[in-house]
Amino acid sequence: MSSIPILKQREKQIHETGAAPYEMTCDKQSLAGSVSQRACVFCGSRVVLYPIADALHLVHGPIGCAAYTWDIRGALSSDAQLHRMSFSTDLQEKEVIFGGEKKLYQALCELIDAYNPKAAFVYSTCIVGIIGDDVAAVCRRVSRERGIPVLPVHSEGFKGTKKDGYKAACDALFQLVGTGDTRDIAPVSINILGEFNIGGEAWLIRDYYQRMGVQVVSVLTGDGRVDDIRRAHGACLNVVQCSGAMTFLAEMMKAKYGIPYIRASYFGIEDMAKALYDVAVHFSSEAAIQQRTETLVRDQVNAIVPELKCIRADLEGKRAAVYVGGAFKVFSLIKALRHLGMRVVVAGSQTGNADDYATLRDLCDPGTVILDDANPLELSRFVIEKQADLFIGGVKERPIAYKLGVGFCDHNHERKTPLAGFEGMLHFAREIHTTVTSPVWQFVPFRNQGDTGRTVP
Amino acid sequence: MTASENNVEYTLKQIEITPTVSAAQNACKLCAPLGAALVYKGIRGAVPLLHGSQGCSTYIRRYLISHYKEPVDIACSNFGEQTAVFGGAVNLKLALENICRQYEPSLIGVATTCLSETIGDDVPMFIKQYLAGQTAASVPPIVHTSTPSYQGSHMEGFHRAVLATVATLAARQKETEAAGVNLFPGMLSPADIRHLKEMTAAFGLAAMVLPDYSQTLDGGLWESYHRIPAGGTPVDAIAHAGDAAASIELGHALAHVAETAAALLDERFGVRAVRLGFPMGIRHTDAFLQALSAVSGRPVPTVYREQRGRLLDTLVDGHKHVNNIRAAVYGEEDLVAGIVAFLTEIGIHPVVCGSGGHSRHLTGVLEDLVPASWRAEMTVLEGADFTAIETAVAKAQPDLIIGQSKGYAMSRRLSIPLVRVGFPIHDRMGGSRLLHVGYEGAMALFDRIANALIEQRQDGSEVGYTYM
C-alpha cells in the first residue's frame with residue numbers, strides 16, 4: 001500500500017489534537033485540483049431555500065445545476081409540493097451569446113401562470129453575471145406584472161464558498177420578512193431557523209416548543225411557507241440551528257427588528273434538551289414554561305433511554321469518524337456518540353470557522369484528527385490510521401467508508417429518517433447499531449489482515 | 001409526526017404538472033461534463049478534472065456515486081471570483097500539479113464547464129503551456145474535451161470525450177498487419193461492458209474498449225487503499241488504437257453523427273469503422289456477433305448459440321404476457337432506440353418515446369426500427385423534459401413505463417408500473433449490474449418486463465392467484 005500524501009497547501013487545514021501549536025486555517029476557497037467534498041455558492045442557496053414548498057424555485061442557467069438538485073432531499077412538506085419540481089431556464093448557446101433575460105422572463109411568467117406559487121426565487125448560476133443578464137430587473141418586472149414577490153438569489157457558483165450561498169439565500173429571505181401581518185402573534189413566540197424538516201424533523205421540534213407553550217411563528221425553512229416567512233418579524237426570539245446557514249438572517253432580523261437570537265442544535269439528548277431549556281430561560285417570566293419544559297424533557301428522555309442502553313452495550317468503545325457540512329453538527333454528533341459509548345477519532349467540516357475549530361479542539365479527546373475542507377484521500381488516510389468503525393457523512397463519503405469496510409451513517413440532507421429531537425436520537429442510535437454490528441464486516445478483506453493492514457506506512 | 005405512506009402517496013399525486021415552453025421542468029438529461037467525467041473514469045489510472053466551479057464536480061460526483069455506489073473522485077480547478085475575471089490559466093496549472101502530486105495518475109482528463117467556456121478560457125493553450133514547462137517523464141498525458149453545458153446533454157459530453165481521448169492518444173504504432181478491435185460501447189452499464197468484453201474475447205480478439213468503467217465503477221472491496229480504483233482501458237492500448245483491424249461503435253443515434261472516434265480512426269489510420277446500434281434484443285445482438293465474427297474470421301462461439309437458443313425459448317414461453325402490450329420508453333436516445341428495437345421483437349408497442357437528448361436523429365432511427373403499422377400510435381419526443389414526457393404518457397395510457405429512476409414520480413402519479421433500465425438508478429440496488437446487452441441482457445430484460453406485467457395482474461386480482 002502506498003502512503004497517501006497530503007498536499008502541502010492543505011497541511012494547515014489538518015490538525016491532531018494534543019499536538020501543539022493549534023493553528024487551523026479555514027474559511028478558504030478550496031485548493032485547485034483537490035477533490036473537495038464541498039459544493040458551491042449555488043448549493044448553499046439551494047439548500048437553504050429548497051424546503052419552501054409553496055414557492056417556485058427557478059434555476060437560471062444551463063441544465064446541470066437544476067438537474068442535480070431535483071428532488072434529492074428528504075425535506076418534507078405537509079401540503080404544497082412545488083419544491084420537489086426542478087425548474088431551469090436550460091440556457092443554450094444562443095442565450096449565452098445574446099443574453100438570457102428574455103427566456104428568463106418567459107419562463108417565469110409561464111411557470112407562475114402554471115403553478116400559482118406564493119413567491120418565486122430565481123437562482124443565478126455561474127454564467128449569468130458573465131453574460132450580462134440583469135436578473136434583478138427581470139424579477140422586478142415579473143413581480144409587478146404577476147403580483148407575487150419574485151426574488152433574485154445571487155448564487156453564482158464561483159463567487160465564494162457554500163457559506164456565501166447561505167448568505168445570498170438569507171438576503172432573499174430578508175426581502176420577504178416584514179411583509180406579513182403579525183397581529184395574532186403571542187408574546188411567547190419564536191422562529192426556528194436553520195431547520196430543514198429532513199424526514200419530518202421540524203415537525204418534531206415545533207411540537208416540543210408548542211407543548212412548552214411557545215408559539216412557533218415560522219420555521220425557516222423546513223416545511224416552509226411564504227406567508228409564514230413574511231410575518232417572521234413578529235416573533236420574539238429566533239432560535240438558530242446549523243452553524244452558518246441562517247445566522248446571517250438572524251443577524252439582519254436583530255439589526256432591523258430587534259429580535260434577539262440564540263443558537264441551538266437538535267441532535268443528541270444533551271443538545272436537544274439544551275435547545276428547549278434555553279428557550280424556556282429566555283421566556284423565564286412565564287413560570288409555567290420552565291415547568292412544562294422539565295416535564296417534556298423528562299418524559300422524552302425516559303422514553304428512549306432503555307433502548308439506548310441496550311444499543312450502547314454493543315457499541316461501547318467503537319471509534320467514529322465524522323465529516324459533515326457544518327461544524328455545529330459535528331459538536332452535537334461527538335456528544336451524541338459519547339452517549340452511545342463511542343469515541344470520535346476524526347472530526348471535520350466543510351465550512352467551519354476559526355471559533356468552530358477552537359470549540360472542536362476543546363471538545364475532542366487527545367489524538368483526534370481535525371480536518372477543514374477535506375478530500376477523499378485525506379479522509380481515507382485518517383479513517384485507516386485511526387481505525388474507525390463508523391463514518392458519519394453524506395453520500396460522497398459513503399463509498400470511502402464502504403470500500404474500507406467501515407460502517408456508515410448518512411447525516412446529510414438526502415436522508416429520509418429524522419435524526420433530530422429525542423425520537424431522532426433513537427433513530428440515530430438504531431442506524432449506527434445496524435451498520436456497525438452487521439456481520440458483513442467479518443468478510444471484508446481490509447479488516448481481516450491484522451493490525452498491519454489498518455495502518456498507513 | 002412523520003409522513004405516513006398515505007401521506008407520501010398524497011404528496012406525489014398532488015403535483016399537477018403543466019408543460020411550459022421556455023422552462024425545462026424535471027430535465028430528462030444531465031449536463032455535458034458528467035458524460036466526459038464518466039468516460040475518463042473508464043481509463044486506467046485516470047483522474048477527471050473539471051475546469052470550473054467547485055459545485056460542478058461535487059454535484060456530478062454525488063449523482064454518479066448514488067448510482068454506481070463506488071468512490072468517484074473528480075477533481076476541480078475550483079474557480080473563485082478572481083479566476084472568473086482574470087481567466088483560469090493559473091487554477092488549471094495548479095490543479096494539474098496537485099493532481100499529479102496526490103494521485104500520480106496515468107492520464108488527466110480535463111473537461112470544461114459553462115463557466116470556463118463562457119469566459120473564453122483557451123484550455124488547449126493552457127495545457128500546452130503547462131506541458132512545455134514539464135520534463136516528459138514525469139507528466140501524464142492530458143486530454144481536453146470541450147463540454148459547455150449549454151451545448152447538448154451528457155451524451156454529447158460522453159461522445160466528445162471518447163473522440164477527444166482517441167484524437168489525442170491514438171496512433172499507428174506497428175508496421176505489422178492490423179489486428180484486434182476497438183470497441184466504443186457508448187453509455188452502458190458496467191455489467192454491459194463486462195458482457196461485451198466477454199463476447200469480444202470469445203472470438204479471440206484483443207479489444208481496446210473505450211470507455212471501460214466495468215471495474216472502476218463496479219469493483220470489489222479494497223484490500224488496501226486505492227488512490228485510483230483498479231481497472232479501465234490502459235492508456236497504452238488507446239495509443240495503439242490505430243493498429244486495430246476495425247472499430248465497432250455502438251449506438252443507433254450515434255451512428256448518424258459525423259465526427260466520432262470510429263470515424264476519426266478510419267479517416268486517420270484506415271481502421272475500418274463498423275457502426276451499429278446497441279446490441280439489445282435478438283437482431284442487434286446477432287449483428288454485433290456477426291461483426292465480431294467478420295473482424296476475427298471465426299464463427300460465433302457455441303456459448304452464444306446456446307444463449308440465443310435459451311433466449312428464444314424464453315420469449316416463446318412468455319410471449320402472451322407481452323404481445324400487444326403498450327409501453328413508454330425514455331432516457332438517452334441510444335438507450336431508447338436499443339430498448340425499442342427489442343420491444344418490437346416481442347410485440348410491445350412503444351407508444352411514447354422520450355429523450356432529453358436532441359441529436360435530431362431519434363425520430364428517424366425509431367421509424368426505421370418500428371413496424372410501419374405501429375408508427376401512427378407512436379409519439380416521439382426529442383429534447384423533452386419529464387413534464388412533456390409525462391403529459392404524453394398520461395394521454396397515451398400505456399401498460400408499462402421503461403426507463404431510469406427519475407420516472408418514478410410519473411409512474412407513481414399515473415399508477416403505471418416502471419421497469420428500471422439505464423442511468424441513473426437512484427432508488428434501487430444494482431444499477432451497475434443491470435444487464436441490457438446481448439442475449440443474456442435481453443433475457444434479463446424480458447423477465448423483468450413480463451414479471452412486472454404478471455405482478456400487476458396478480459396484485460390487481462381479487463382472487464390472489466399463487467399460480468400464474
# chains A, B, ... in the order shown; residues from 1 in each chain; ligands from 1
>>> residues_around(residues="range 353-364 of chain B", least_positions_apart="3", cutoff="10 Å", atoms="only C-alpha atoms", output="NGL selection string")
:B and (24 or 27-30 or 152-156 or 252-257 or 327-337 or 340 or 350 or 367-369 or 378-386 or 388-390 or 392-393 or 402-403)
>>> residues_around(residues="range 286-293 of chain A", least_positions_apart="2", cutoff="9 Å", atoms="only C-alpha atoms", output="count of residues only")
18
>>> residues_around(residues="Ile269 in chain A", least_positions_apart="4", cutoff="8 Å", atoms="only C-alpha atoms", output="MDAnalysis selection string")
chainID A and resid 273 301 336 421:422 425
>>> write_last_selection(atoms="C-alpha atoms", output="PDB file, in the first residue's frame")
ATOM      1  CA  ALA A 273     -32.672  19.377  25.888  1.00  0.00           C
ATOM      2  CA  VAL A 301     -35.651  11.084  27.727  1.00  0.00           C
ATOM      3  CA  ALA A 336     -24.368  12.026  20.890  1.00  0.00           C
ATOM      4  CA  GLY A 421     -35.049  15.512  18.510  1.00  0.00           C
ATOM      5  CA  PHE A 422     -35.311  12.830  21.173  1.00  0.00           C
ATOM      6  CA  MET A 425     -31.666  10.250  18.733  1.00  0.00           C
TER       7      MET A 425
END
>>> atom_distance(atom1="CA of Gly367 in chain A", atom2="CA of Thr435 in chain A")
24.7 Å
>>> atom_distance(atom1="CA of Ile193 in chain B", atom2="CA of Phe443 in chain A")
27.3 Å
>>> closest_residue(among="A:Asp184, A:Gly244, A:Val440, A:Gly160", to="Ser30 in chain A", atoms="only C-alpha atoms")
A:Gly160
>>> select_by_dssp(residues="range 40-99 of chain B", states="alpha helix (DSSP H)", output="PyMOL selection string")
chain B and resi 40-41+54-68+81-86+89-99
>>> write_last_selection(atoms="N, CA and C atoms", output="compact mmCIF listing (two decimals), in the first residue's frame")
# COMPACT_ATOMS: atom_id res chain seq x y z
N TYR B 40 -13.74 9.44 -18.70
CA TYR B 40 -12.40 9.43 -18.10
C TYR B 40 -12.30 8.39 -16.98
N LYS B 41 -13.42 8.15 -16.29
CA LYS B 41 -13.39 7.12 -15.24
C LYS B 41 -13.16 5.73 -15.83
N GLN B 54 -16.46 24.78 -8.07
CA GLN B 54 -16.47 23.64 -7.16
C GLN B 54 -17.72 22.77 -7.26
N GLY B 55 -18.86 23.42 -7.40
CA GLY B 55 -20.12 22.68 -7.38
C GLY B 55 -20.24 21.67 -8.50
N CYS B 56 -19.67 22.00 -9.67
CA CYS B 56 -19.81 21.09 -10.83
C CYS B 56 -19.30 19.71 -10.47
N SER B 57 -18.10 19.63 -9.92
CA SER B 57 -17.55 18.31 -9.63
C SER B 57 -18.32 17.66 -8.48
N THR B 58 -18.70 18.44 -7.49
CA THR B 58 -19.37 17.86 -6.33
C THR B 58 -20.74 17.30 -6.69
N TYR B 59 -21.51 18.07 -7.44
CA TYR B 59 -22.83 17.58 -7.85
C TYR B 59 -22.71 16.35 -8.72
N ILE B 60 -21.78 16.39 -9.65
CA ILE B 60 -21.63 15.26 -10.57
C ILE B 60 -21.15 14.03 -9.82
N ARG B 61 -20.25 14.23 -8.88
CA ARG B 61 -19.79 13.10 -8.07
C ARG B 61 -20.95 12.48 -7.30
N ARG B 62 -21.73 13.35 -6.66
CA ARG B 62 -22.84 12.83 -5.87
C ARG B 62 -23.82 12.04 -6.74
N TYR B 63 -24.07 12.56 -7.92
CA TYR B 63 -25.01 11.92 -8.84
C TYR B 63 -24.49 10.55 -9.28
N LEU B 64 -23.20 10.51 -9.61
CA LEU B 64 -22.61 9.24 -10.07
C LEU B 64 -22.48 8.24 -8.92
N ILE B 65 -22.06 8.72 -7.76
CA ILE B 65 -21.89 7.84 -6.60
C ILE B 65 -23.22 7.20 -6.22
N SER B 66 -24.30 7.98 -6.29
CA SER B 66 -25.60 7.46 -5.89
C SER B 66 -26.05 6.33 -6.81
N HIS B 67 -25.56 6.32 -8.04
CA HIS B 67 -25.89 5.24 -8.97
C HIS B 67 -24.90 4.08 -8.84
N TYR B 68 -23.62 4.39 -8.98
CA TYR B 68 -22.61 3.31 -9.04
C TYR B 68 -22.23 2.78 -7.67
N GLU B 81 -13.73 34.20 -7.64
CA GLU B 81 -14.08 35.41 -8.40
C GLU B 81 -12.93 35.91 -9.25
N GLN B 82 -11.73 35.85 -8.66
CA GLN B 82 -10.54 36.29 -9.38
C GLN B 82 -10.36 35.49 -10.67
N THR B 83 -10.58 34.18 -10.54
CA THR B 83 -10.40 33.29 -11.68
C THR B 83 -11.35 33.68 -12.80
N ALA B 84 -12.60 33.98 -12.42
CA ALA B 84 -13.59 34.30 -13.44
C ALA B 84 -13.24 35.61 -14.15
N VAL B 85 -12.58 36.50 -13.42
CA VAL B 85 -12.22 37.79 -14.01
C VAL B 85 -10.95 37.67 -14.86
N PHE B 86 -9.94 37.02 -14.29
CA PHE B 86 -8.64 37.01 -14.97
C PHE B 86 -8.38 35.75 -15.80
N ALA B 89 -6.19 30.14 -16.23
CA ALA B 89 -4.89 29.53 -16.53
C ALA B 89 -4.16 29.10 -15.26
N VAL B 90 -4.11 29.99 -14.28
CA VAL B 90 -3.36 29.71 -13.05
C VAL B 90 -3.99 28.53 -12.31
N ASN B 91 -5.33 28.56 -12.20
CA ASN B 91 -6.01 27.48 -11.49
C ASN B 91 -5.83 26.13 -12.18
N LEU B 92 -5.87 26.16 -13.50
CA LEU B 92 -5.75 24.89 -14.22
C LEU B 92 -4.36 24.30 -14.00
N LYS B 93 -3.36 25.15 -14.07
CA LYS B 93 -1.98 24.69 -13.89
C LYS B 93 -1.80 24.12 -12.47
N LEU B 94 -2.30 24.86 -11.49
CA LEU B 94 -2.19 24.42 -10.10
C LEU B 94 -2.93 23.10 -9.90
N ALA B 95 -4.09 23.00 -10.52
CA ALA B 95 -4.89 21.78 -10.40
C ALA B 95 -4.13 20.59 -11.00
N LEU B 96 -3.55 20.79 -12.16
CA LEU B 96 -2.80 19.69 -12.80
C LEU B 96 -1.64 19.26 -11.91
N GLU B 97 -0.94 20.24 -11.35
CA GLU B 97 0.19 19.93 -10.47
C GLU B 97 -0.26 19.14 -9.23
N ASN B 98 -1.34 19.64 -8.62
CA ASN B 98 -1.81 18.98 -7.40
C ASN B 98 -2.32 17.57 -7.66
N ILE B 99 -2.98 17.38 -8.77
CA ILE B 99 -3.47 16.04 -9.11
C ILE B 99 -2.28 15.10 -9.31
